[in-house]
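Down below is the structure, laid out as structure tokens.
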Amino acid sequence: QVQLVESGGGLVQPGGSLRLSCAASRSIFSIDAMRWYRQAPGKQRKFVAQVTSGGTTNYADSVKGRFTISRDNAKNAVYLQVNSLKPEDTAVYYCNAIMGSYGYWGQGTQVTVSS
């Protein structure tokens, strides 16, 4: 098992940036994949980005070129750098860890993009 705690969300103007963090309660070295999802009000949770244990990254088309996922195995942490934010990026952002057939979730961090 692993517990995940997200942080770094907040209110930002359009075009702004944030760095979201996900702290894990154990080593993430052997975790198959770490992902970020987001859920806007009244909508389903959607995939945002993934980084595998081998360092391969994948992104949703809507965030390519603006968001960057990274992992720091030494700090047991995963990050999501979000740039050029748009109002439609407003959502609760969740960290997700995939270990075999199990998935673990954090409690989420709110990102609000508004002028």
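Going through the structure tokens in order, the chains are called A, B, and so on, while each chain numbers its residues from 1 and the ligands are numbered from 1 in the order shown.
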Can you list, as a PyMOL selection string, every protein, DNA or RNA residue that comes within 12 Å of segment 55-68 of chain A when you count only C-alpha atoms, leaving out same-chain residues fewer than 5 positions away?
chain A and resi 15-21+28-38+46-50+73+78-86+88-89
Dump as a PDB file, in the first residue's frame, selection limited to C-alpha atoms:
```
ATOM      1  CA  GLY A  15      -1.514  32.180 -18.237  1.00  0.00           C
ATOM      2  CA  GLY A  16      -0.051  31.491 -14.821  1.00  0.00           C
ATOM      3  CA  SER A  17       1.814  28.488 -13.485  1.00  0.00           C
ATOM      4  CA  LEU A  18       1.782  26.148 -10.529  1.00  0.00           C
ATOM      5  CA  ARG A  19       3.815  23.197  -9.386  1.00  0.00           C
ATOM      6  CA  LEU A  20       1.745  20.392  -7.916  1.00  0.00           C
ATOM      7  CA  SER A  21       3.414  17.875  -5.640  1.00  0.00           C
ATOM      8  CA  ILE A  28       8.114   5.010  -5.365  1.00  0.00           C
ATOM      9  CA  PHE A  29      11.105   3.387  -7.054  1.00  0.00           C
ATOM     10  CA  SER A  30       9.222   0.181  -7.806  1.00  0.00           C
ATOM     11  CA  ILE A  31       5.778   1.664  -8.360  1.00  0.00           C
ATOM     12  CA  ASP A  32       4.711   0.784 -11.899  1.00  0.00           C
ATOM     13  CA  ALA A  33       3.328   4.187 -12.785  1.00  0.00           C
ATOM     14  CA  MET A  34       2.490   7.474 -11.140  1.00  0.00           C
ATOM     15  CA  ARG A  35      -0.330   9.482 -12.647  1.00  0.00           C
ATOM     16  CA  TRP A  36      -2.179  12.732 -12.305  1.00  0.00           C
ATOM     17  CA  TYR A  37      -5.895  12.980 -12.936  1.00  0.00           C
ATOM     18  CA  ARG A  38      -8.260  15.914 -12.624  1.00  0.00           C
ATOM     19  CA  LYS A  46      -9.924  12.408 -16.363  1.00  0.00           C
ATOM     20  CA  PHE A  47      -6.369  11.334 -16.999  1.00  0.00           C
ATOM     21  CA  VAL A  48      -3.816  14.143 -17.224  1.00  0.00           C
ATOM     22  CA  ALA A  49      -0.321  12.657 -17.219  1.00  0.00           C
ATOM     23  CA  GLN A  50       1.707   9.573 -16.361  1.00  0.00           C
ATOM     24  CA  ASN A  73      12.588   8.643  -6.420  1.00  0.00           C
ATOM     25  CA  VAL A  78       5.949  13.127  -8.141  1.00  0.00           C
ATOM     26  CA  TYR A  79       5.412  16.595  -9.527  1.00  0.00           C
ATOM     27  CA  LEU A  80       3.199  18.205 -12.129  1.00  0.00           C
ATOM     28  CA  GLN A  81       4.410  21.514 -13.505  1.00  0.00           C
ATOM     29  CA  VAL A  82       1.410  23.273 -14.997  1.00  0.00           C
ATOM     30  CA  ASN A  83       2.061  26.264 -17.240  1.00  0.00           C
ATOM     31  CA  SER A  84      -0.024  28.520 -19.450  1.00  0.00           C
ATOM     32  CA  LEU A  85      -3.067  27.742 -17.363  1.00  0.00           C
ATOM     33  CA  LYS A  86      -6.525  28.225 -18.807  1.00  0.00           C
ATOM     34  CA  GLU A  88     -10.783  25.099 -18.342  1.00  0.00           C
ATOM     35  CA  ASP A  89      -7.885  23.671 -16.315  1.00  0.00           C
TER      36      ASP A  89
END
```
Please, which residues of chain A, numbered as in this document, come out strand (DSSP E or B) from DSSP, as number ranges by chain?
A: 4-7, 10-12, 18-24, 33-39, 46-52, 57-59, 67-72, 77-82, 91-99, 102-105, 109-113
Compare A:Ile69, A:Ala40, A:Ala24, A:Val113 by their minimum atom-to-atom distance to Val92 of chain A, counting only C-alpha atoms, and give me the closest one.
A:Ala40
From the list A:Asn76, A:Ser53, A:Arg45, A:Ser7, which residue is nearest Arg26 of chain A when using only C-alpha atoms?
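Selected residue with least distance to Arg26 of chain A: A:Asn76.
The coordinates place atom CA of Gln107 of chain A at 25.6 Å from atom CA of Gly54 of chain A.
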With distances taken over only C-alpha atoms, which residue among A:Ala74, A:Cys22, A:Ala91, A:Met99 lies nearest Gly10 of chain A?
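For Gly10 of chain A, the nearest of the candidates is A:Ala91.
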Could you tell me how far atom CA of Val5 of chain A sits from atom CA of Thr112 of chain A, in Å to one decimal place?
18.6 Å
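Excluding segment 103-106 of chain A itself and any same-chain residue fewer than 3 positions from it, the protein and nucleic acid residues within 9 Å of it, counting only C-alpha atoms, are Gln1, Val2, Gln3, Leu4, Val5, Glu6, Cys22, Tyr94, Cys95, Asn96, Ala97, Ile98, Met99, Gly100 and Thr109 of chain A.
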For the residues in that selection, give me N, CA, C and O atoms as a PDB file, in the first residue's frame.
```pdb
ATOM      1  N   GLN A   1       0.824  -1.199   0.000  1.00  0.00           N
ATOM      2  CA  GLN A   1       0.000   0.000   0.000  1.00  0.00           C
ATOM      3  C   GLN A   1       0.858   1.249   0.000  1.00  0.00           C
ATOM      4  O   GLN A   1       2.042   1.218   0.332  1.00  0.00           O
ATOM      5  N   VAL A   2       0.230   2.354  -0.360  1.00  0.00           N
ATOM      6  CA  VAL A   2       0.915   3.639  -0.337  1.00  0.00           C
ATOM      7  C   VAL A   2      -0.109   4.720  -0.082  1.00  0.00           C
ATOM      8  O   VAL A   2      -1.223   4.668  -0.596  1.00  0.00           O
ATOM      9  N   GLN A   3       0.253   5.678   0.749  1.00  0.00           N
ATOM     10  CA  GLN A   3      -0.579   6.864   0.951  1.00  0.00           C
ATOM     11  C   GLN A   3       0.014   8.009   0.159  1.00  0.00           C
ATOM     12  O   GLN A   3       1.243   8.166   0.090  1.00  0.00           O
ATOM     13  N   LEU A   4      -0.864   8.795  -0.434  1.00  0.00           N
ATOM     14  CA  LEU A   4      -0.448   9.891  -1.292  1.00  0.00           C
ATOM     15  C   LEU A   4      -1.040  11.193  -0.789  1.00  0.00           C
ATOM     16  O   LEU A   4      -2.235  11.241  -0.441  1.00  0.00           O
ATOM     17  N   VAL A   5      -0.240  12.235  -0.762  1.00  0.00           N
ATOM     18  CA  VAL A   5      -0.708  13.549  -0.316  1.00  0.00           C
ATOM     19  C   VAL A   5      -0.310  14.587  -1.353  1.00  0.00           C
ATOM     20  O   VAL A   5       0.882  14.796  -1.603  1.00  0.00           O
ATOM     21  N   GLU A   6      -1.315  15.215  -1.944  1.00  0.00           N
ATOM     22  CA  GLU A   6      -1.069  16.258  -2.929  1.00  0.00           C
ATOM     23  C   GLU A   6      -0.995  17.631  -2.271  1.00  0.00           C
ATOM     24  O   GLU A   6      -1.610  17.866  -1.226  1.00  0.00           O
ATOM     25  N   CYS A  22       3.120  15.557  -5.170  1.00  0.00           N
ATOM     26  CA  CYS A  22       2.479  14.362  -4.617  1.00  0.00           C
ATOM     27  C   CYS A  22       3.533  13.632  -3.792  1.00  0.00           C
ATOM     28  O   CYS A  22       4.517  13.134  -4.348  1.00  0.00           O
ATOM     29  N   TYR A  94      -5.709  15.043  -8.771  1.00  0.00           N
ATOM     30  CA  TYR A  94      -5.467  13.872  -7.929  1.00  0.00           C
ATOM     31  C   TYR A  94      -4.211  13.131  -8.390  1.00  0.00           C
ATOM     32  O   TYR A  94      -3.987  12.948  -9.590  1.00  0.00           O
ATOM     33  N   CYS A  95      -3.454  12.665  -7.423  1.00  0.00           N
ATOM     34  CA  CYS A  95      -2.310  11.804  -7.673  1.00  0.00           C
ATOM     35  C   CYS A  95      -2.767  10.358  -7.570  1.00  0.00           C
ATOM     36  O   CYS A  95      -3.630  10.017  -6.749  1.00  0.00           O
ATOM     37  N   ASN A  96      -2.196   9.514  -8.410  1.00  0.00           N
ATOM     38  CA  ASN A  96      -2.602   8.109  -8.474  1.00  0.00           C
ATOM     39  C   ASN A  96      -1.364   7.246  -8.638  1.00  0.00           C
ATOM     40  O   ASN A  96      -0.487   7.559  -9.455  1.00  0.00           O
ATOM     41  N   ALA A  97      -1.289   6.163  -7.869  1.00  0.00           N
ATOM     42  CA  ALA A  97      -0.166   5.227  -7.958  1.00  0.00           C
ATOM     43  C   ALA A  97      -0.688   3.873  -8.409  1.00  0.00           C
ATOM     44  O   ALA A  97      -1.669   3.361  -7.848  1.00  0.00           O
ATOM     45  N   ILE A  98      -0.039   3.310  -9.413  1.00  0.00           N
ATOM     46  CA  ILE A  98      -0.425   2.005  -9.935  1.00  0.00           C
ATOM     47  C   ILE A  98       0.609   0.981  -9.489  1.00  0.00           C
ATOM     48  O   ILE A  98       1.795   1.094  -9.819  1.00  0.00           O
ATOM     49  N   MET A  99       0.114  -0.021  -8.738  1.00  0.00           N
ATOM     50  CA  MET A  99       0.983  -1.101  -8.264  1.00  0.00           C
ATOM     51  C   MET A  99       0.306  -2.402  -8.637  1.00  0.00           C
ATOM     52  O   MET A  99      -0.640  -2.830  -7.969  1.00  0.00           O
ATOM     53  N   GLY A 100       0.764  -3.022  -9.718  1.00  0.00           N
ATOM     54  CA  GLY A 100       0.132  -4.233 -10.205  1.00  0.00           C
ATOM     55  C   GLY A 100      -1.291  -3.915 -10.620  1.00  0.00           C
ATOM     56  O   GLY A 100      -1.538  -3.041 -11.446  1.00  0.00           O
ATOM     57  N   THR A 109      -5.897  18.174  -4.782  1.00  0.00           N
ATOM     58  CA  THR A 109      -5.577  19.577  -4.520  1.00  0.00           C
ATOM     59  C   THR A 109      -6.298  20.427  -5.557  1.00  0.00           C
ATOM     60  O   THR A 109      -6.309  20.101  -6.740  1.00  0.00           O
TER      61      THR A 109
END
```
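Backbone DSSP assigns helix (DSSP H, G or I) in chain A to Asn73, Ala74, Lys75, Pro87, Glu88 and Asp89 of chain A.
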Store the residues picked out above in a file with N, CA and C atoms, as a short mmCIF file (atom, residue, chain, number, x, y, z; two decimals), in the first residue's frame.
```cif
data_model
loop_
_atom_site.label_atom_id
_atom_site.label_comp_id
_atom_site.auth_asym_id
_atom_site.auth_seq_id
_atom_site.Cartn_x
_atom_site.Cartn_y
_atom_site.Cartn_z
N ASN A 73 12.61 9.86 -7.23
CA ASN A 73 12.59 8.64 -6.42
C ASN A 73 13.25 8.85 -5.06
N ALA A 74 14.25 9.69 -5.01
CA ALA A 74 14.95 9.93 -3.75
C ALA A 74 14.05 10.60 -2.71
N LYS A 75 13.10 11.41 -3.20
CA LYS A 75 12.20 12.13 -2.29
C LYS A 75 10.83 11.48 -2.21
N PRO A 87 -8.74 28.78 -17.95
CA PRO A 87 -9.89 28.56 -17.06
C PRO A 87 -10.40 27.12 -17.09
N GLU A 88 -10.30 26.48 -18.24
CA GLU A 88 -10.78 25.10 -18.34
C GLU A 88 -9.87 24.10 -17.64
N ASP A 89 -8.74 24.55 -17.12
CA ASP A 89 -7.89 23.67 -16.31
C ASP A 89 -8.35 23.62 -14.86
#
```
Could you work out how far atom CA of Gln110 of chain A lies from atom CA of Thr52 of chain A, giving the answer in Å with one decimal?
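These two atoms are separated by 24.2 Å.
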